[in-house]
Each structure stands twice: as C-alpha cells, then as structure tokens.
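Structure file protein-v6.json with JSON, C-alpha atoms:
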[["chain", "number", "residue", "atom", "x", "y", "z"],
["A", 1, "MET", "CA", 0.00, 0.00, 0.00],
["A", 2, "THR", "CA", 2.80, 2.41, 0.85],
["A", 3, "GLN", "CA", 4.64, 4.03, -2.04],
["A", 4, "SER", "CA", 7.40, 6.61, -2.07],
["A", 5, "PRO", "CA", 7.76, 9.27, -0.85],
["A", 6, "VAL", "CA", 5.51, 9.62, 2.20],
["A", 7, "ASP", "CA", 4.63, 13.13, 3.27],
["A", 8, "LEU", "CA", 2.06, 13.17, 6.03],
["A", 9, "THR", "CA", 2.15, 16.94, 6.46],
["A", 10, "VAL", "CA", 0.52, 17.63, 3.11],
["A", 11, "ILE", "CA", -2.93, 17.09, 4.60],
["A", 12, "SER", "CA", -3.25, 17.81, 8.30],
["A", 13, "SER", "CA", -4.12, 15.06, 10.75],
["A", 14, "GLU", "CA", -7.33, 16.94, 11.59],
["A", 15, "ILE", "CA", -8.55, 16.81, 7.98],
["A", 16, "ARG", "CA", -7.48, 13.19, 7.66],
["A", 17, "CYS", "CA", -9.41, 12.41, 10.84],
["A", 18, "LYS", "CA", -12.52, 14.09, 9.39],
["A", 19, "ALA", "CA", -12.15, 12.05, 6.20],
["A", 20, "VAL", "CA", -11.84, 8.79, 8.14],
["A", 21, "THR", "CA", -14.86, 9.69, 10.26],
["A", 22, "ALA", "CA", -16.83, 10.45, 7.08],
["A", 23, "VAL", "CA", -15.91, 7.01, 5.70],
["A", 24, "LEU", "CA", -17.01, 5.32, 8.91],
["A", 25, "ASP", "CA", -20.39, 7.04, 8.50],
["A", 26, "VAL", "CA", -20.90, 5.44, 5.07],
["A", 27, "VAL", "CA", -23.58, 2.73, 5.27],
["A", 28, "GLY", "CA", -21.98, -0.69, 4.78],
["A", 29, "VAL", "CA", -18.52, 0.22, 6.13],
["A", 30, "THR", "CA", -17.65, -1.86, 9.18],
["A", 31, "GLU", "CA", -14.07, -0.89, 9.82],
["A", 32, "VAL", "CA", -11.13, 1.10, 8.46],
["A", 33, "HIS", "CA", -7.68, -0.48, 8.59],
["A", 34, "PRO", "CA", -4.52, 1.43, 9.36],
["A", 35, "PRO", "CA", -1.60, 0.88, 6.98],
["A", 36, "THR", "CA", 1.01, -1.76, 7.80],
["A", 37, "ARG", "CA", 3.11, 0.60, 9.92],
["A", 38, "GLY", "CA", 0.02, 1.43, 11.96],
["A", 39, "ILE", "CA", -0.82, -2.24, 12.39],
["A", 40, "TRP", "CA", 2.57, -2.98, 13.98],
["A", 41, "LYS", "CA", 2.18, 0.05, 16.20],
["A", 42, "ASN", "CA", -1.27, -1.19, 17.15],
["A", 43, "MET", "CA", 0.07, -4.65, 18.00],
["A", 44, "LEU", "CA", 3.01, -3.48, 20.05],
["A", 45, "LEU", "CA", 1.80, -0.34, 21.77],
["A", 46, "SER", "CA", -1.82, 0.67, 21.75],
["A", 47, "SER", "CA", -4.54, 1.61, 19.32],
["A", 48, "THR", "CA", -3.58, 3.88, 16.41],
["A", 49, "GLU", "CA", -4.92, 7.39, 15.95],
["A", 50, "PRO", "CA", -8.00, 7.53, 13.68],
["A", 51, "HIS", "CA", -6.33, 9.79, 11.09],
["A", 52, "GLU", "CA", -3.57, 7.21, 10.50],
["A", 53, "ALA", "CA", -6.01, 5.07, 8.52],
["A", 54, "LEU", "CA", -5.85, 7.62, 5.69],
["A", 55, "LEU", "CA", -2.41, 7.39, 4.14],
["A", 56, "VAL", "CA", -1.39, 10.43, 2.11],
["A", 57, "HIS", "CA", 1.60, 10.81, -0.18],
["A", 58, "ARG", "CA", 2.67, 12.94, -3.10],
["A", 59, "THR", "CA", 3.40, 11.67, -6.58],
["A", 60, "ALA", "CA", 4.37, 13.42, -9.80],
["A", 61, "ARG", "CA", 0.66, 13.71, -10.68],
["A", 62, "GLY", "CA", -0.49, 15.14, -7.38],
["A", 63, "LEU", "CA", -1.67, 13.90, -4.03],
["A", 64, "VAL", "CA", -2.74, 10.32, -3.43],
["A", 65, "ALA", "CA", -4.93, 9.46, -0.45],
["A", 66, "GLU", "CA", -5.32, 5.76, 0.32],
["A", 67, "LEU", "CA", -7.68, 4.03, 2.69],
["A", 68, "ASP", "CA", -8.43, 0.35, 3.35],
["A", 69, "LEU", "CA", -11.80, -0.70, 4.74],
["A", 70, "SER", "CA", -14.07, -3.66, 5.40],
["A", 71, "VAL", "CA", -17.71, -3.87, 4.35],
["A", 72, "HIS", "CA", -20.78, -5.65, 5.72],
["A", 73, "ASP", "CA", -21.38, -9.17, 4.38],
["A", 74, "ASP", "CA", -24.65, -8.09, 2.77],
["A", 75, "SER", "CA", -23.21, -4.97, 1.15],
["A", 76, "ASN", "CA", -22.04, -4.48, -2.42],
["A", 77, "ALA", "CA", -18.28, -3.86, -2.28],
["A", 78, "VAL", "CA", -18.14, -1.52, -5.29],
["A", 79, "ALA", "CA", -21.09, 0.57, -4.13],
["A", 80, "VAL", "CA", -19.73, 0.98, -0.61],
["A", 81, "ALA", "CA", -16.17, 1.68, -1.79],
["A", 82, "ALA", "CA", -17.45, 4.31, -4.23],
["A", 83, "GLN", "CA", -19.39, 6.05, -1.46],
["A", 84, "ALA", "CA", -16.32, 5.96, 0.78],
["A", 85, "GLN", "CA", -14.23, 7.44, -2.03],
["A", 86, "LYS", "CA", -16.71, 10.28, -2.48],
["A", 87, "ALA", "CA", -16.76, 10.89, 1.29],
["A", 88, "VAL", "CA", -12.96, 11.30, 1.38],
["A", 89, "SER", "CA", -12.99, 13.51, -1.70],
["A", 90, "ARG", "CA", -15.72, 15.75, -0.25],
["A", 91, "VAL", "CA", -13.76, 16.32, 2.97],
["A", 92, "LEU", "CA", -10.54, 17.09, 1.09],
["A", 93, "ALA", "CA", -12.36, 19.44, -1.29],
["A", 94, "ALA", "CA", -14.03, 21.22, 1.62],
["A", 95, "HIS", "CA", -10.56, 22.01, 2.95],
["A", 96, "GLY", "CA", -9.22, 23.44, -0.28],
["A", 97, "HIS", "CA", -7.70, 20.39, -1.95],
["A", 98, "ARG", "CA", -8.41, 20.36, -5.68],
["A", 99, "VAL", "CA", -10.32, 17.21, -6.64],
["A", 100, "GLN", "CA", -8.61, 17.03, -10.04],
["A", 101, "ASP", "CA", -5.18, 16.99, -8.37],
["A", 102, "THR", "CA", -6.06, 14.33, -5.81],
["A", 103, "THR", "CA", -6.43, 10.59, -6.34],
["A", 104, "VAL", "CA", -8.42, 8.68, -3.72],
["A", 105, "LYS", "CA", -7.66, 4.96, -3.67],
["A", 106, "ILE", "CA", -10.05, 2.77, -1.71],
["A", 107, "THR", "CA", -9.32, -0.91, -1.07],
["A", 108, "VAL", "CA", -11.90, -3.34, 0.29],
["A", 109, "LEU", "CA", -10.22, -5.98, 2.47],
["B", 110, "MET", "CA", -8.83, -29.75, 41.23],
["B", 111, "THR", "CA", -9.61, -31.80, 44.35],
["B", 112, "PRO", "CA", -6.46, -32.62, 46.35],
["B", 113, "SER", "CA", -5.56, -36.21, 47.10],
["B", 114, "THR", "CA", -7.35, -37.94, 49.98],
["B", 115, "ASP", "CA", -4.14, -39.83, 50.77],
["B", 116, "ALA", "CA", -2.66, -36.83, 52.57],
["B", 117, "PRO", "CA", -2.16, -37.35, 56.33],
["B", 118, "HIS", "CA", -5.13, -36.14, 58.29],
["B", 119, "SER", "CA", -5.56, -36.85, 61.93],
["B", 120, "CYS", "CA", -9.25, -36.00, 62.43],
["B", 121, "THR", "CA", -12.21, -37.88, 60.96],
["B", 122, "ARG", "CA", -12.99, -35.18, 58.35],
["B", 123, "SER", "CA", -11.48, -35.97, 54.95],
["B", 124, "GLU", "CA", -9.58, -33.48, 52.78],
["B", 125, "ASP", "CA", -12.33, -33.76, 50.17],
["B", 126, "GLU", "CA", -14.89, -32.59, 52.72],
["B", 127, "LEU", "CA", -12.64, -29.71, 53.78],
["B", 128, "TRP", "CA", -12.02, -28.72, 50.15],
["B", 129, "ALA", "CA", -15.76, -28.64, 49.45],
["B", 130, "SER", "CA", -16.38, -26.35, 52.42],
["B", 131, "LEU", "CA", -13.54, -23.91, 51.78],
["B", 132, "GLY", "CA", -15.90, -21.39, 50.19],
["B", 133, "SER", "CA", -17.90, -21.17, 53.44],
["B", 134, "PRO", "CA", -16.87, -19.98, 56.92],
["B", 135, "PRO", "CA", -15.57, -22.73, 59.29],
["B", 136, "ASP", "CA", -18.34, -24.73, 60.97],
["B", 137, "ALA", "CA", -18.47, -25.67, 64.64],
["B", 138, "HIS", "CA", -16.18, -28.68, 64.22],
["B", 139, "GLU", "CA", -13.55, -26.76, 62.26],
["B", 140, "LEU", "CA", -13.54, -23.96, 64.82],
["B", 141, "GLN", "CA", -12.59, -26.55, 67.45],
["B", 142, "CYS", "CA", -10.28, -28.78, 65.36],
["B", 143, "LEU", "CA", -6.68, -27.57, 65.05],
["B", 144, "THR", "CA", -5.99, -30.08, 62.25],
["B", 145, "CYS", "CA", -8.85, -28.75, 60.15],
["B", 146, "GLN", "CA", -7.76, -25.16, 60.80],
["B", 147, "GLU", "CA", -4.23, -26.01, 59.66],
["B", 148, "GLN", "CA", -5.58, -27.78, 56.57],
["B", 149, "ARG", "CA", -7.75, -24.76, 55.75],
["B", 150, "ARG", "CA", -4.72, -22.47, 55.89],
["B", 151, "ARG", "CA", -2.70, -24.88, 53.74],
["B", 152, "LEU", "CA", -5.41, -25.25, 51.07],
["B", 153, "ALA", "CA", -6.47, -21.57, 50.91],
["B", 154, "PRO", "CA", -3.86, -20.45, 48.26],
["B", 155, "LEU", "CA", -4.69, -23.44, 46.09],
["B", 156, "ALA", "CA", -8.42, -22.74, 46.36],
["B", 157, "GLN", "CA", -7.86, -19.09, 45.41],
["B", 158, "ALA", "CA", -5.77, -20.07, 42.37],
["B", 159, "ALA", "CA", -8.44, -22.56, 41.30],
["B", 160, "GLN", "CA", -11.13, -19.90, 41.60],
["B", 161, "GLU", "CA", -9.13, -17.42, 39.49],
["B", 162, "TRP", "CA", -8.51, -20.09, 36.89],
["B", 163, "LYS", "CA", -12.23, -20.90, 36.71],
["B", 164, "THR", "CA", -13.40, -17.31, 36.46],
["B", 165, "GLY", "CA", -10.59, -16.29, 34.11],
["B", 166, "THR", "CA", -10.04, -12.93, 35.80],
["B", 167, "ASP", "CA", -6.27, -13.18, 35.88],
["B", 168, "PRO", "CA", -5.19, -9.73, 34.65],
["B", 169, "GLU", "CA", -2.02, -11.09, 33.03],
["B", 170, "GLU", "CA", -4.09, -13.60, 31.07],
["B", 171, "SER", "CA", -6.50, -10.87, 29.93],
["B", 172, "LEU", "CA", -3.55, -8.74, 28.82],
["B", 173, "LEU", "CA", -2.08, -11.64, 26.87],
["B", 174, "GLU", "CA", -5.44, -12.34, 25.21],
["B", 175, "GLY", "CA", -5.70, -8.66, 24.22],
["B", 176, "ILE", "CA", -2.23, -8.70, 22.64],
["B", 177, "LEU", "CA", -2.94, -11.98, 20.84],
["B", 178, "GLY", "CA", -6.24, -10.60, 19.57],
["B", 179, "ARG", "CA", -4.52, -7.49, 18.14],
["B", 180, "VAL", "CA", -1.75, -9.58, 16.60],
["B", 181, "MET", "CA", -4.23, -11.94, 14.92],
["B", 182, "HIS", "CA", -6.33, -9.03, 13.66],
["B", 183, "GLY", "CA", -3.21, -7.41, 12.20],
["B", 184, "ILE", "CA", -2.09, -10.64, 10.57],
["B", 185, "ARG", "CA", -5.53, -11.18, 9.01],
["B", 186, "THR", "CA", -5.51, -7.63, 7.64],
["B", 187, "GLU", "CA", -2.03, -8.07, 6.15],
["B", 188, "ILE", "CA", -3.01, -11.40, 4.57],
["B", 189, "ARG", "CA", -5.99, -9.70, 2.92],
["B", 190, "ARG", "CA", -3.63, -7.09, 1.46],
["B", 191, "GLY", "CA", -1.68, -9.85, -0.26],
["B", 192, "THR", "CA", -3.32, -9.89, -3.69],
["B", 193, "LEU", "CA", -5.51, -7.02, -4.82],
["B", 194, "PHE", "CA", -7.69, -6.63, -7.91],
["B", 195, "THR", "CA", -9.07, -3.43, -9.38],
["B", 196, "LEU", "CA", -12.86, -3.29, -9.10],
["B", 197, "THR", "CA", -13.21, -0.18, -11.21],
["B", 198, "VAL", "CA", -11.56, 3.18, -11.75],
["B", 199, "THR", "CA", -13.78, 6.18, -11.08],
["B", 200, "PRO", "CA", -12.90, 9.81, -11.93],
["B", 201, "LEU", "CA", -11.70, 10.10, -8.31],
["B", 202, "GLY", "CA", -9.36, 7.10, -8.45],
["B", 203, "PRO", "CA", -9.21, 3.31, -8.35],
["B", 204, "LEU", "CA", -11.36, 1.02, -6.19],
["B", 205, "ARG", "CA", -9.64, -2.25, -5.33],
["B", 206, "ILE", "CA", -10.58, -5.45, -3.55],
["B", 207, "SER", "CA", -8.71, -8.24, -1.81],
["B", 208, "SER", "CA", -8.60, -11.62, -3.56],
["B", 209, "TYR", "CA", -9.67, -13.03, -0.19],
["B", 210, "LEU", "CA", -13.15, -11.52, -0.58],
["B", 211, "LEU", "CA", -13.47, -12.76, -4.17],
["B", 212, "LEU", "CA", -12.57, -16.31, -3.15],
["B", 213, "GLU", "CA", -14.97, -16.05, -0.22],
["B", 214, "ALA", "CA", -17.76, -15.05, -2.62],
["B", 215, "ILE", "CA", -17.05, -18.16, -4.75],
["B", 216, "ARG", "CA", -17.10, -20.42, -1.68],
["B", 217, "ASP", "CA", -20.35, -18.91, -0.40],
["B", 218, "ALA", "CA", -21.97, -19.29, -3.82],
["B", 219, "VAL", "CA", -20.99, -22.95, -4.25],
["B", 220, "ASP", "CA", -21.92, -23.78, -0.65],
["B", 221, "SER", "CA", -25.45, -22.60, -1.39],
["B", 222, "ILE", "CA", -25.91, -25.17, -4.19],
["B", 223, "GLU", "CA", -27.31, -28.58, -3.27],
["B", 224, "HIS", "CA", -25.58, -31.83, -4.28],
["B", 225, "VAL", "CA", -22.26, -30.07, -4.90],
["B", 226, "GLU", "CA", -18.96, -29.78, -3.00],
["B", 227, "LEU", "CA", -16.26, -27.26, -3.87],
["B", 228, "ARG", "CA", -12.81, -28.76, -4.53],
["B", 229, "THR", "CA", -10.61, -25.94, -5.88],
["B", 230, "HIS", "CA", -11.20, -22.35, -6.87],
["B", 231, "LYS", "CA", -8.92, -19.65, -8.21],
["B", 232, "ILE", "CA", -8.95, -16.22, -9.82],
["B", 233, "ILE", "CA", -7.33, -15.76, -13.22],
["B", 234, "PRO", "CA", -6.31, -12.15, -13.88],
["B", 235, "HIS", "CA", -6.91, -10.70, -17.33],
["B", 236, "ALA", "CA", -3.86, -10.58, -19.61],
["B", 237, "ASP", "CA", -3.86, -6.78, -19.33],
["B", 238, "ASP", "CA", -4.77, -5.80, -15.80],
["B", 239, "ALA", "CA", -7.59, -3.53, -16.94],
["B", 240, "GLY", "CA", -9.77, -6.40, -18.24],
["B", 241, "PRO", "CA", -12.20, -8.48, -16.21],
["B", 242, "ILE", "CA", -10.96, -11.39, -14.13],
["B", 243, "SER", "CA", -11.96, -14.98, -14.88],
["B", 244, "LEU", "CA", -12.67, -17.75, -12.38],
["B", 245, "ALA", "CA", -11.81, -21.45, -12.39],
["B", 246, "VAL", "CA", -13.78, -23.78, -10.13],
["B", 247, "SER", "CA", -13.61, -27.55, -9.73],
["B", 248, "LEU", "CA", -16.38, -29.50, -8.03],
["B", 249, "ALA", "CA", -17.51, -32.88, -6.82],
["B", 250, "MET", "CA", -21.19, -33.65, -7.36],
["B", 251, "GLN", "CA", -23.55, -36.18, -5.83],
["B", 252, "ALA", "CA", -24.08, -39.37, -7.84],
["B", 253, "GLY", "CA", -27.17, -39.21, -10.05],
["B", 254, "GLN", "CA", -26.90, -35.49, -10.85],
["B", 255, "ASP", "CA", -26.51, -34.16, -14.38],
["B", 256, "GLY", "CA", -22.98, -32.75, -14.66],
["B", 257, "THR", "CA", -23.89, -30.22, -17.34],
["B", 258, "GLU", "CA", -26.78, -28.83, -15.29],
["B", 259, "VAL", "CA", -24.64, -28.72, -12.16],
["B", 260, "ALA", "CA", -21.93, -26.77, -13.99],
["B", 261, "GLU", "CA", -24.46, -24.35, -15.45],
["B", 262, "GLU", "CA", -26.16, -23.78, -12.09],
["B", 263, "THR", "CA", -22.75, -23.18, -10.51],
["B", 264, "ARG", "CA", -21.92, -20.55, -13.14],
["B", 265, "ARG", "CA", -25.26, -18.81, -12.63],
["B", 266, "THR", "CA", -24.96, -18.84, -8.84],
["B", 267, "ILE", "CA", -21.40, -17.50, -8.80],
["B", 268, "ALA", "CA", -22.24, -14.76, -11.31],
["B", 269, "ALA", "CA", -25.29, -13.74, -9.25],
["B", 270, "ARG", "CA", -23.24, -13.71, -6.02],
["B", 271, "PHE", "CA", -20.56, -11.53, -7.62],
["B", 272, "ALA", "CA", -23.16, -9.11, -8.96],
["B", 273, "GLU", "CA", -24.82, -8.85, -5.56],
["B", 274, "ARG", "CA", -21.84, -8.94, -3.21],
["B", 275, "ILE", "CA", -18.94, -7.55, -5.24],
["B", 276, "GLY", "CA", -20.32, -5.54, -8.18],
["B", 277, "MET", "CA", -17.37, -6.51, -10.33],
["B", 278, "PRO", "CA", -17.59, -7.76, -13.95],
["B", 279, "ILE", "CA", -16.35, -11.32, -14.53],
["B", 280, "GLY", "CA", -14.99, -12.68, -17.79],
["B", 281, "THR", "CA", -15.42, -16.44, -17.98],
["B", 282, "ILE", "CA", -16.27, -18.91, -15.21],
["B", 283, "ASN", "CA", -14.71, -22.29, -15.98],
["B", 284, "VAL", "CA", -16.40, -25.07, -14.04],
["B", 285, "THR", "CA", -14.97, -28.60, -13.93],
["B", 286, "VAL", "CA", -16.83, -31.49, -12.33],
["B", 287, "GLU", "CA", -13.93, -33.69, -11.34],
["B", 288, "ASP", "CA", -15.45, -36.18, -8.91],
["B", 289, "VAL", "CA", -18.69, -37.87, -7.80],
["B", 290, "PHE", "CA", -19.71, -38.68, -4.22],
["B", 291, "GLN", "CA", -22.55, -40.80, -2.81]]
Could I get this structure in the form of structure tokens?
Amino acid sequence: MTQSPVDLTVISSEIRCKAVTAVLDVVGVTEVHPPTRGIWKNMLLSSTEPHEALLVHRTARGLVAELDLSVHDDSNAVAVAAQAQKAVSRVLAAHGHRVQDTTVKITVL
Amino acid sequence: MTPSTDAPHSCTRSEDELWASLGSPPDAHELQCLTCQEQRRRLAPLAQAAQEWKTGTDPEESLLEGILGRVMHGIRTEIRRGTLFTLTVTPLGPLRISSYLLLEAIRDAVDSIEHVELRTHKIIPHADDAGPISLAVSLAMQAGQDGTEVAEETRRTIAARFAERIGMPIGTINVTVEDVFQ
C-alpha cells in the first residue's frame, strides 16, 4: 500500500481524521484499517490514531490518499467503496484540496 | 482440582470434605479442630488459584489475550492485502478489492448449491490488468446429478453472487466437475 515518498504533512491530521470519520459514516462500512506501519504500532503499543487510517503521499501527478476498509457481508463492495471514495474527496475538497489533483484509492479488504 | 485424599489427616474429616467447604466460613467442628484449621490455611492459596482459573479474571491472562487478539487481527488484515484486484476506476481514483473476498464469494456461492462440493477455486487475472478477471472452479457432485446442469447452475450462482456482493464484472467462469460422491 505504501509508495514513495511519504509526506504526512501535506494534509493535516485533523482533515485526515474528518475524512476517516466520514468514511465510517458510510452505510456498509464496518471498519477502516490502518496501513502496515500502523498495524505494527497497534500490535506493540496501543490503538492507532483515527487519522492514520488515511495514508497520504505525493506523486508526480499530485496527491494520493489511500484508505483500506471492510464492508458488511450483505453490502455491495463496489457501491460501498465508491461512497467511501466520495466521502474522502468531499472532505478534502471542503478544505481546499483540488479534486482534479487528488487521487483517492479505496481498497476493500 | 480436588487434592488427594491420601494426605495425612488426623481427624475424621477428609480433605475432600474440607475442600468442598472452603468457600464457606468454618463450621463448629472446624472452629474446634486444630488439624482442620491447619488444613484450611494450607489449602487456601490453592483454592484461590483454582477460583481465578475458573473465572478467568487473571489480569495477566487478559492482557495476553488482548495482545494476541490485536496480533491476529493485524495478521488477518495483512493477509488480505496480499493480492488485490481493481474493481473499477472512477474519476476520483481506483477502487480495489482483496482476492480473499473474491474467493470467499465463490465459496459462499458454491456452498449454497445442493448436491455439490467445492474442490478448488482460483482467480485468473486478465492478460492486461484492466480487463475483467476470470474464475476457475472444480467440483464434486452427488451421484445421479446431471454434470452439465450442475456446472451451469454453478456458473449462474457464482455470477449472481458476484453481482450482488462484489459488483465486479467477470470474464469467464470455468467449471470442472472432477469427482462424484454418494
């Protein structure tokens, strides 16, 4: 999931937290999963911060925001993932991030 | 957890009887009997340990279970990240799914069909990654069933399950009936 180079200061943790909260409000989403680094932190120390579930990094074509989630057994994975993607995009756009410069990758695990 | 009755005991009350009454205050006999009082003191730590074991309130055990639970949850998540397929690419970016969920959808679909047992199942990626995936499934069917009908019903059921649960287009679904059971 992680690609180079990681720059977590591009989008503040507060905005990332709002985006994660918006995804958790999407009907059909059961859980968001922190990236691998967060999983090890979770195992060894304590629970991760909510904003860590949204991984943000910069590429030559702009910002990429990635989030992994689980869906209810009776949900349609594409429909839920698309709603989650829109939820992240809405939050980023509301805080001044240009939609056309931002890619939102959602993975259903 | 009852201690042996072979232990030396100088009064008429057995160790089994004492063990059974440890949860209650000493009765009239035990208040008078120095042997029983000594036995009570000796058995008290063992009784407490047995009680903690039964109720499972040992804080160290709870901590260990919490750590194990987090480790297993993390491992499951990482396993699901192993092989990913693109569901679709929207104007906002790609939507992907774990192969684990796709294989689970195949298993659930085949399990819902009568007279059929799943043997193997796999996902075959399209030659260029943008195309739809294909599926290969091998089955065993109950003796007396029509293999062609079973294969066709399996295809229909898997396609319906993918449409409902995943929402992802599928290329071909190759079904092989490789065995018969009674």
Counting all atoms listed in the file, what is within 7 Å of region 11-18 of chain A, bar same-chain residues fewer than 4 positions away, as a CSV table (one decimal) with C-alpha atoms, in the frame of the given file?
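What landed in out.csv:
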chain,number,residue,atom,x,y,z
A,22,ALA,CA,-16.8,10.4,7.1
A,50,PRO,CA,-8.0,7.5,13.7
A,51,HIS,CA,-6.3,9.8,11.1
A,54,LEU,CA,-5.8,7.6,5.7
A,91,VAL,CA,-13.8,16.3,3.0
(message) Restricting the calculation to all atoms listed in the file: of A:Leu92, A:Ala81, A:Ala53, A:Leu24, which residue gets closest to Glu66 (chain A)?
(response)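 Distance minimum relative to Glu66 (chain A) lands on A:Ala53.
All of the residues in chain A within 6 Å of chain B are Ile39, Met43, Asn76, Ala77, Val78, Thr103, Val104, Lys105, Ile106, Thr107, Val108 and Leu109 of chain A, where all atoms listed in the file were counted.
Of note, CA of Val23 (chain A) and CA of His97 (chain A) are spaced 17.5 Å apart.
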(request) In Å, rounded to a single decimal, give me how far CA of Gly256 (chain B) is from CA of Val286 (chain B). (result)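 For CA of Val286 (chain B) relative to CA of Gly256 (chain B), the distance reads 6.7 Å.
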(request) Please measure the separation of CA of Ala252 (chain B) and CA of Ala218 (chain B), giving the value in Å to one decimal. (result) 20.6 Å
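In terms of minimum interatomic distance to Arg150 (chain B), B:Leu131 ranks closest within B:Ile242, B:Ile279, B:Leu131, B:Ala137, counting all atoms listed in the file.
Nearest residue to Ile233 (chain B), choosing from B:Thr263, B:Ser123, B:Ile282, B:Gln291 and counting only C-alpha atoms: B:Ile282.
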(request) Counting all atoms listed in the file, figure out which residue out of A:Ala19, A:Leu69, A:Val99, A:Val64 gets nearest to Pro34 (chain A). (result)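 Nearest candidate to Pro34 (chain A) out of A:Ala19, A:Leu69, A:Val99, A:Val64: A:Leu69.
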(message) Measuring between only C-alpha atoms, which one of B:Asp288, B:Glu170, B:Pro278, B:Gln160 shows the shortest distance to Glu226 (chain B)?
(response) B:Asp288
